[in-house]
file input_29.cif (mmCIF, C-alpha atoms; chains and numbers go by the auth columns)
data_protein
loop_
_atom_site.group_PDB
_atom_site.id
_atom_site.type_symbol
_atom_site.label_atom_id
_atom_site.label_comp_id
_atom_site.label_asym_id
_atom_site.label_seq_id
_atom_site.Cartn_x
_atom_site.Cartn_y
_atom_site.Cartn_z
_atom_site.B_iso_or_equiv
_atom_site.auth_seq_id
_atom_site.auth_asym_id
ATOM 1 C CA ALA A 1 15.636 -11.871 -25.884 0.00 1 X
ATOM 2 C CA PRO A 2 12.095 -11.390 -27.174 0.00 2 X
ATOM 3 C CA HIS A 3 10.246 -8.335 -25.961 0.00 3 X
ATOM 4 C CA LYS A 4 6.814 -8.541 -24.442 0.00 4 X
ATOM 5 C CA SER A 5 4.180 -5.979 -23.752 0.00 5 X
ATOM 6 C CA LEU A 6 1.560 -5.769 -21.054 0.00 6 X
ATOM 7 C CA TYR A 7 -1.946 -5.000 -22.338 0.00 7 X
ATOM 8 C CA THR A 8 -5.475 -4.364 -21.229 0.00 8 X
ATOM 9 C CA LEU A 9 -7.943 -5.621 -23.825 0.00 9 X
ATOM 10 C CA VAL A 10 -11.635 -4.959 -24.283 0.00 10 X
ATOM 11 C CA ILE A 11 -13.290 -7.837 -26.093 0.00 11 X
ATOM 12 C CA SER A 12 -16.711 -7.800 -27.716 0.00 12 X
ATOM 13 C CA LYS A 13 -18.423 -11.170 -28.080 0.00 13 X
ATOM 14 C CA ASP A 14 -19.459 -10.118 -31.600 0.00 14 X
ATOM 15 C CA GLU A 15 -16.375 -8.222 -32.790 0.00 15 X
ATOM 16 C CA GLY A 16 -13.454 -9.688 -30.846 0.00 16 X
ATOM 17 C CA VAL A 17 -10.796 -7.274 -29.565 0.00 17 X
ATOM 18 C CA ILE A 18 -12.177 -3.729 -29.911 0.00 18 X
ATOM 19 C CA TYR A 19 -9.591 -1.888 -27.793 0.00 19 X
ATOM 20 C CA SER A 20 -6.125 -2.473 -26.483 0.00 20 X
ATOM 21 C CA HIS A 21 -3.997 -0.370 -24.191 0.00 21 X
ATOM 22 C CA ARG A 22 -0.312 -1.164 -23.775 0.00 22 X
ATOM 23 C CA LYS A 23 1.035 -0.262 -20.347 0.00 23 X
ATOM 24 C CA THR A 24 2.862 3.078 -20.577 0.00 24 X
ATOM 25 C CA SER A 25 4.478 3.243 -17.121 0.00 25 X
ATOM 26 C CA LEU A 26 6.603 0.193 -16.392 0.00 26 X
ATOM 27 C CA THR A 27 8.035 -1.083 -13.127 0.00 27 X
ATOM 28 C CA ASP A 28 11.685 -2.087 -12.829 0.00 28 X
ATOM 29 C CA GLY A 29 10.489 -5.706 -12.899 0.00 29 X
ATOM 30 C CA ASP A 30 8.576 -5.105 -16.139 0.00 30 X
ATOM 31 C CA LEU A 31 11.696 -3.599 -17.714 0.00 31 X
ATOM 32 C CA LEU A 32 13.940 -6.438 -16.491 0.00 32 X
ATOM 33 C CA ASN A 33 11.504 -8.889 -18.090 0.00 33 X
ATOM 34 C CA GLY A 34 11.805 -7.122 -21.444 0.00 34 X
ATOM 35 C CA ALA A 35 8.450 -5.328 -21.523 0.00 35 X
ATOM 36 C CA LEU A 36 8.064 -2.430 -23.929 0.00 36 X
ATOM 37 C CA LYS A 37 6.330 0.833 -22.993 0.00 37 X
ATOM 38 C CA GLY A 38 3.104 1.797 -24.699 0.00 38 X
ATOM 39 C CA LYS A 39 3.309 4.925 -26.807 0.00 39 X
ATOM 40 C CA SER A 40 -0.224 6.296 -26.555 0.00 40 X
ATOM 41 C CA ILE A 41 -3.010 6.929 -24.085 0.00 41 X
ATOM 42 C CA GLU A 42 -6.607 7.299 -25.208 0.00 42 X
ATOM 43 C CA ALA A 43 -10.142 6.607 -24.068 0.00 43 X
ATOM 44 C CA LEU A 44 -12.492 4.078 -25.648 0.00 44 X
ATOM 45 C CA ASP A 45 -15.969 5.088 -26.795 0.00 45 X
ATOM 46 C CA THR A 46 -18.590 2.569 -25.600 0.00 46 X
ATOM 47 C CA PRO A 47 -22.398 2.483 -25.706 0.00 47 X
ATOM 48 C CA PHE A 48 -22.498 3.744 -22.095 0.00 48 X
ATOM 49 C CA GLY A 49 -19.838 6.449 -22.504 0.00 49 X
ATOM 50 C CA LYS A 50 -16.095 6.729 -22.819 0.00 50 X
ATOM 51 C CA ILE A 51 -13.897 4.589 -20.584 0.00 51 X
ATOM 52 C CA GLY A 52 -10.207 4.515 -19.828 0.00 52 X
ATOM 53 C CA THR A 53 -7.839 1.937 -18.418 0.00 53 X
ATOM 54 C CA LEU A 54 -5.116 2.169 -15.824 0.00 54 X
ATOM 55 C CA LEU A 55 -3.078 -0.979 -16.211 0.00 55 X
ATOM 56 C CA CYS A 56 -1.767 -1.936 -12.786 0.00 56 X
ATOM 57 C CA TYR A 57 1.123 0.419 -11.861 0.00 57 X
ATOM 58 C CA GLU A 58 -0.276 3.197 -14.094 0.00 58 X
ATOM 59 C CA ALA A 59 -2.575 4.164 -11.189 0.00 59 X
ATOM 60 C CA HIS A 60 0.551 5.704 -9.639 0.00 60 X
ATOM 61 C CA PHE A 61 0.788 8.225 -12.497 0.00 61 X
ATOM 62 C CA PRO A 62 -1.903 10.920 -12.438 0.00 62 X
ATOM 63 C CA GLU A 63 -0.971 11.909 -15.989 0.00 63 X
ATOM 64 C CA VAL A 64 -2.337 8.633 -17.420 0.00 64 X
ATOM 65 C CA ALA A 65 -5.743 9.060 -15.791 0.00 65 X
ATOM 66 C CA ARG A 66 -5.859 12.772 -16.673 0.00 66 X
ATOM 67 C CA ILE A 67 -5.102 12.179 -20.360 0.00 67 X
ATOM 68 C CA GLU A 68 -7.821 9.518 -20.604 0.00 68 X
ATOM 69 C CA CYS A 69 -10.305 11.832 -18.868 0.00 69 X
ATOM 70 C CA LEU A 70 -9.331 14.778 -21.057 0.00 70 X
ATOM 71 C CA ASP A 71 -10.109 12.392 -23.923 0.00 71 X
ATOM 72 C CA GLY A 72 -13.610 11.985 -22.462 0.00 72 X
ATOM 73 C CA ALA A 73 -13.370 8.940 -20.175 0.00 73 X
ATOM 74 C CA ARG A 74 -15.973 8.964 -17.405 0.00 74 X
ATOM 75 C CA ILE A 75 -15.042 5.575 -15.933 0.00 75 X
ATOM 76 C CA LEU A 76 -11.483 4.333 -15.420 0.00 76 X
ATOM 77 C CA PHE A 77 -10.882 0.612 -15.005 0.00 77 X
ATOM 78 C CA ASN A 78 -7.781 -0.320 -13.002 0.00 78 X
ATOM 79 C CA THR A 79 -6.768 -3.927 -13.619 0.00 79 X
ATOM 80 C CA ILE A 80 -4.027 -4.998 -11.231 0.00 80 X
ATOM 81 C CA GLY A 81 -1.753 -7.956 -11.940 0.00 81 X
ATOM 82 C CA THR A 82 -0.521 -8.592 -8.419 0.00 82 X
ATOM 83 C CA GLY A 83 -1.887 -9.478 -5.044 0.00 83 X
ATOM 84 C CA MET A 84 -2.053 -6.999 -2.204 0.00 84 X
ATOM 85 C CA TRP A 85 0.737 -8.355 -0.038 0.00 85 X
ATOM 86 C CA HIS A 86 0.335 -6.140 3.050 0.00 86 X
ATOM 87 C CA GLU A 87 -1.879 -3.417 4.511 0.00 87 X
ATOM 88 C CA GLN A 88 0.475 -0.594 3.532 0.00 88 X
ATOM 89 C CA GLN A 89 0.272 -1.608 -0.149 0.00 89 X
ATOM 90 C CA PHE A 90 -3.520 -1.872 0.139 0.00 90 X
ATOM 91 C CA ASP A 91 -3.767 1.572 1.803 0.00 91 X
ATOM 92 C CA GLU A 92 -1.488 3.215 -0.763 0.00 92 X
ATOM 93 C CA TRP A 93 -3.338 1.694 -3.718 0.00 93 X
ATOM 94 C CA THR A 94 -6.788 2.637 -2.513 0.00 94 X
ATOM 95 C CA SER A 95 -5.578 6.177 -1.748 0.00 95 X
ATOM 96 C CA LEU A 96 -4.185 6.513 -5.275 0.00 96 X
ATOM 97 C CA VAL A 97 -7.322 5.349 -7.070 0.00 97 X
ATOM 98 C CA LYS A 98 -9.528 7.463 -4.812 0.00 98 X
ATOM 99 C CA ALA A 99 -7.392 10.481 -5.743 0.00 99 X
ATOM 100 C CA ARG A 100 -7.693 9.631 -9.471 0.00 100 X
ATOM 101 C CA ALA A 101 -11.506 9.612 -9.062 0.00 101 X
ATOM 102 C CA ILE A 102 -11.606 12.963 -7.257 0.00 102 X
ATOM 103 C CA GLU A 103 -9.088 14.828 -9.406 0.00 103 X
ATOM 104 C CA ASN A 104 -10.750 13.719 -12.649 0.00 104 X
ATOM 105 C CA ARG A 105 -14.386 13.708 -11.450 0.00 105 X
ATOM 106 C CA CYS A 106 -14.828 10.179 -12.759 0.00 106 X
ATOM 107 C CA PHE A 107 -15.529 6.682 -11.478 0.00 107 X
ATOM 108 C CA VAL A 108 -12.585 4.382 -10.830 0.00 108 X
ATOM 109 C CA VAL A 109 -13.313 0.654 -10.668 0.00 109 X
ATOM 110 C CA GLY A 110 -10.768 -2.088 -10.292 0.00 110 X
ATOM 111 C CA CYS A 111 -9.601 -5.404 -8.996 0.00 111 X
ATOM 112 C CA THR A 112 -6.481 -7.430 -8.478 0.00 112 X
ATOM 113 C CA HIS A 113 -6.012 -11.162 -8.688 0.00 113 X
ATOM 114 C CA TYR A 114 -3.873 -13.860 -7.163 0.00 114 X
ATOM 115 C CA CYS A 115 -4.551 -17.485 -8.161 0.00 115 X
ATOM 116 C CA ASP A 116 -8.261 -18.081 -7.464 0.00 116 X
ATOM 117 C CA MET A 117 -8.587 -15.428 -4.777 0.00 117 X
ATOM 118 C CA ILE A 118 -9.384 -11.778 -5.516 0.00 118 X
ATOM 119 C CA PRO A 119 -7.326 -9.834 -2.962 0.00 119 X
ATOM 120 C CA MET A 120 -9.142 -6.579 -3.680 0.00 120 X
ATOM 121 C CA MET A 121 -12.139 -5.215 -5.599 0.00 121 X
ATOM 122 C CA PHE A 122 -13.020 -1.529 -5.379 0.00 122 X
ATOM 123 C CA ALA A 123 -15.078 1.277 -6.870 0.00 123 X
ATOM 124 C CA TYR A 124 -14.986 5.002 -6.144 0.00 124 X
ATOM 125 C CA ASP A 125 -17.386 7.671 -7.343 0.00 125 X
ATOM 126 C CA PRO A 126 -16.344 11.096 -8.729 0.00 126 X
ATOM 127 C CA HIS A 127 -16.359 12.566 -5.212 0.00 127 X
ATOM 128 C CA GLY A 128 -14.090 9.866 -3.775 0.00 128 X
ATOM 129 C CA ARG A 129 -16.843 7.975 -1.998 0.00 129 X
ATOM 130 C CA CYS A 130 -16.225 4.259 -1.793 0.00 130 X
ATOM 131 C CA LEU A 131 -18.978 2.322 -3.582 0.00 131 X
ATOM 132 C CA LEU A 132 -17.354 -1.091 -3.218 0.00 132 X
ATOM 133 C CA MET A 133 -14.498 -2.523 -1.202 0.00 133 X
ATOM 134 C CA GLU A 134 -14.025 -6.252 -0.981 0.00 134 X
ATOM 135 C CA LYS A 135 -10.907 -8.031 0.200 0.00 135 X
ATOM 136 C CA ASN A 136 -9.834 -11.654 -0.126 0.00 136 X
ATOM 137 C CA LYS A 137 -12.995 -12.890 -1.768 0.00 137 X
ATOM 138 C CA GLU A 138 -13.728 -15.324 -4.556 0.00 138 X
ATOM 139 C CA GLY A 139 -16.282 -14.590 -7.250 0.00 139 X
ATOM 140 C CA ILE A 140 -17.697 -11.358 -8.587 0.00 140 X
ATOM 141 C CA ALA A 141 -19.202 -8.209 -7.135 0.00 141 X
ATOM 142 C CA GLU A 142 -21.787 -5.792 -8.463 0.00 142 X
ATOM 143 C CA VAL A 143 -21.632 -2.028 -8.160 0.00 143 X
ATOM 144 C CA LYS A 144 -24.142 0.551 -9.386 0.00 144 X
ATOM 145 C CA ILE A 145 -22.640 3.425 -11.366 0.00 145 X
ATOM 146 C CA ASP A 146 -24.831 6.538 -11.472 0.00 146 X
ATOM 147 C CA MET A 147 -23.433 8.621 -14.327 0.00 147 X
ATOM 148 C CA ASN A 148 -25.470 11.604 -13.060 0.00 148 X
ATOM 149 C CA LEU A 149 -22.875 11.988 -10.287 0.00 149 X
ATOM 150 C CA ILE A 150 -20.400 13.300 -12.835 0.00 150 X
ATOM 151 C CA ASP A 151 -20.708 17.049 -12.616 0.00 151 X
ATOM 152 C CA GLU A 152 -19.008 19.879 -14.477 0.00 152 X
ATOM 153 C CA ARG A 153 -15.276 19.323 -14.569 0.00 153 X
ATOM 154 C CA ASP A 154 -14.054 22.577 -13.042 0.00 154 X
ATOM 155 C CA TYR A 155 -10.666 20.969 -12.465 0.00 155 X
ATOM 156 C CA PHE A 156 -10.232 20.729 -16.223 0.00 156 X
ATOM 157 C CA ARG A 157 -11.387 24.280 -16.873 0.00 157 X
ATOM 158 C CA HIS A 158 -9.024 25.659 -14.218 0.00 158 X
ATOM 159 C CA ARG A 159 -5.910 23.871 -15.475 0.00 159 X
ATOM 160 C CA ASN A 160 -2.900 25.909 -16.561 0.00 160 X
ATOM 161 C CA PRO A 161 -1.041 23.569 -18.969 0.00 161 X
ATOM 162 C CA GLY A 162 1.446 26.249 -19.978 0.00 162 X
ATOM 163 C CA VAL A 163 3.235 25.891 -16.633 0.00 163 X
ATOM 164 C CA TYR A 164 3.214 22.073 -16.577 0.00 164 X
ATOM 165 C CA LYS A 165 6.119 21.520 -18.978 0.00 165 X
ATOM 166 C CA LYS A 166 8.348 20.067 -16.249 0.00 166 X
ATOM 167 C CA ILE A 167 6.187 16.942 -15.935 0.00 167 X
ATOM 168 C CA CYS A 168 6.913 16.121 -19.588 0.00 168 X
ATOM 169 C CA GLU A 169 10.693 16.074 -19.139 0.00 169 X
ATOM 170 C CA GLU A 170 12.553 12.758 -18.912 0.00 170 X
ATOM 171 C CA VAL A 171 14.157 12.068 -15.556 0.00 171 X
ATOM 172 C CA LEU A 172 17.347 10.084 -15.715 0.00 172 X
ATOM 173 C CA LEU A 173 18.492 8.541 -12.444 0.00 173 X
#
call {"tool": "encode", "arguments": {"input": "input_29.cif", "output": "structure tokens"}}
result
Amino acid sequence: APHKSLYTLVISKDEGVIYSHRKTSLTDGDLLNGALKGKSIEALDTPFGKIGTLLCYEAHFPEVARIECLDGARILFNTIGTGMWHEQQFDEWTSLVKARAIENRCFVVGCTHYCDMIPMMFAYDPHGRCLLMEKNKEGIAEVKIDMNLIDERDYFRHRNPGVYKKICEEVLL
């Protein structure tokens, strides 16, 4: 069976594809469908600063967001390839992306899709304040990002990576 990969792409109207990120954390469904895991995580340098991407389920893995932010990302974009089927899923997702914003002192902006409807659009600032929350709406939304809200990243300075080895070990279930 052919393998497929799940990507986030950044496309420039002048240059075409300028960045691609292959999903690194796959769901059981992704694996059953033959998806391959991405092998790298890095931020993209843009004219307005470095950005990172959390492709759908990757929002559940703080390591992905942290690596992109250690690489300089100041905004993380979370593109979600599923609808929000119930309030518990909505509450869990928004809690996760809010945590990614706080723990990395960055903005997290995202949306999900389902047919023509957008089940959820959101934006959080580096302090976890909600800048945008729209549910079950068609169209687009605008949010103002004030990069001056990004302060010194004490969380990064206070890390102790020497004791974090356990999170790098494979878990076989």
call {"tool": "residues_around", "arguments": {"input": "input_29.cif", "residues": "region 156-166 of chain X", "least_positions_apart": "2", "cutoff": "10 Å", "atoms": "all atoms listed in the file", "output": "PyMOL selection string"}}
result
chain X and resi 66+69-70+103-105+152-154+168-171
call {"tool": "residues_around", "arguments": {"input": "input_29.cif", "residues": "Glu63 (chain X)", "least_positions_apart": "5", "cutoff": "10 Å", "atoms": "only C-alpha atoms", "output": "list in words"}}
result
Ile41, Glu58, Glu68, Cys69, Arg100, Ile167 and Cys168 of chain X
call {"tool": "closest_residue", "arguments": {"input": "input_29.cif", "among": "X:Asp91, X:Tyr57, X:Lys137, X:Asp125", "to": "Asp28 (chain X)", "atoms": "only C-alpha atoms"}}
result
X:Tyr57
call {"tool": "atom_distance", "arguments": {"input": "input_29.cif", "atom1": "CA of Ile140 (chain X)", "atom2": "CA of Arg22 (chain X)"}}
result
25.2 Å
call {"tool": "resolve_selection", "arguments": {"input": "input_29.cif", "expression": "the PyMOL selection byres ((chain X and resi 26) around 10)", "output": "list in words"}}
result
Ser5, Leu6, Lys23, Thr24, Ser25, Thr27, Asp28, Gly29, Asp30, Leu31, Leu32, Ala35, Leu36, Lys37, Gly38, Leu55, Cys56, Tyr57 and Glu58 of chain X
call {"tool": "atom_distance", "arguments": {"input": "input_29.cif", "atom1": "CA of Ile145 (chain X)", "atom2": "CA of His86 (chain X)"}}
result
28.8 Å
call {"tool": "atom_distance", "arguments": {"input": "input_29.cif", "atom1": "CA of Val97 (chain X)", "atom2": "CA of Val17 (chain X)"}}
result
26.0 Å
call {"tool": "resolve_selection", "arguments": {"input": "input_29.cif", "expression": "the PyMOL selection byres ((chain X and resi 96) around 12)", "output": "PyMOL selection string"}}
result
chain X and resi 54+56-62+65+78+89-95+97-103+108+110+122+124+128
call {"tool": "closest_residue", "arguments": {"input": "input_29.cif", "among": "X:Asn136, X:Asn148, X:Thr8, X:Ser20", "to": "Thr79 (chain X)", "atoms": "all atoms listed in the file"}}
result
X:Thr8
call {"tool": "closest_residue", "arguments": {"input": "input_29.cif", "among": "X:Phe77, X:Pro126, X:Cys111, X:Lys39", "to": "Gly139 (chain X)", "atoms": "all atoms listed in the file"}}
result
X:Cys111
call {"tool": "resolve_selection", "arguments": {"input": "input_29.cif", "expression": "the PyMOL selection byres ((chain X and resi 19) around 7)", "output": "JSON, numbers by chain"}}
result
{"X": [9, 10, 17, 18, 20, 21, 44]}
call {"tool": "closest_residue", "arguments": {"input": "input_29.cif", "among": "X:Ile80, X:Ser40, X:Ser12, X:Tyr155", "to": "Met120 (chain X)", "atoms": "only C-alpha atoms"}}
result
X:Ile80
call {"tool": "axis_aligned_box", "arguments": {"input": "input_29.cif", "around": "region 34-53 of chain X", "padding_each_side": "5 Å", "output": "JSON"}}
result
{"center_x": -5.3, "center_y": 0.1, "center_z": -22.6, "size_x": 44.3, "size_y": 24.4, "size_z": 18.4}
call {"tool": "closest_residue", "arguments": {"input": "input_29.cif", "among": "X:Pro119, X:Gly49, X:Gly72, X:Gly34", "to": "Glu87 (chain X)", "atoms": "only C-alpha atoms"}}
result
X:Pro119
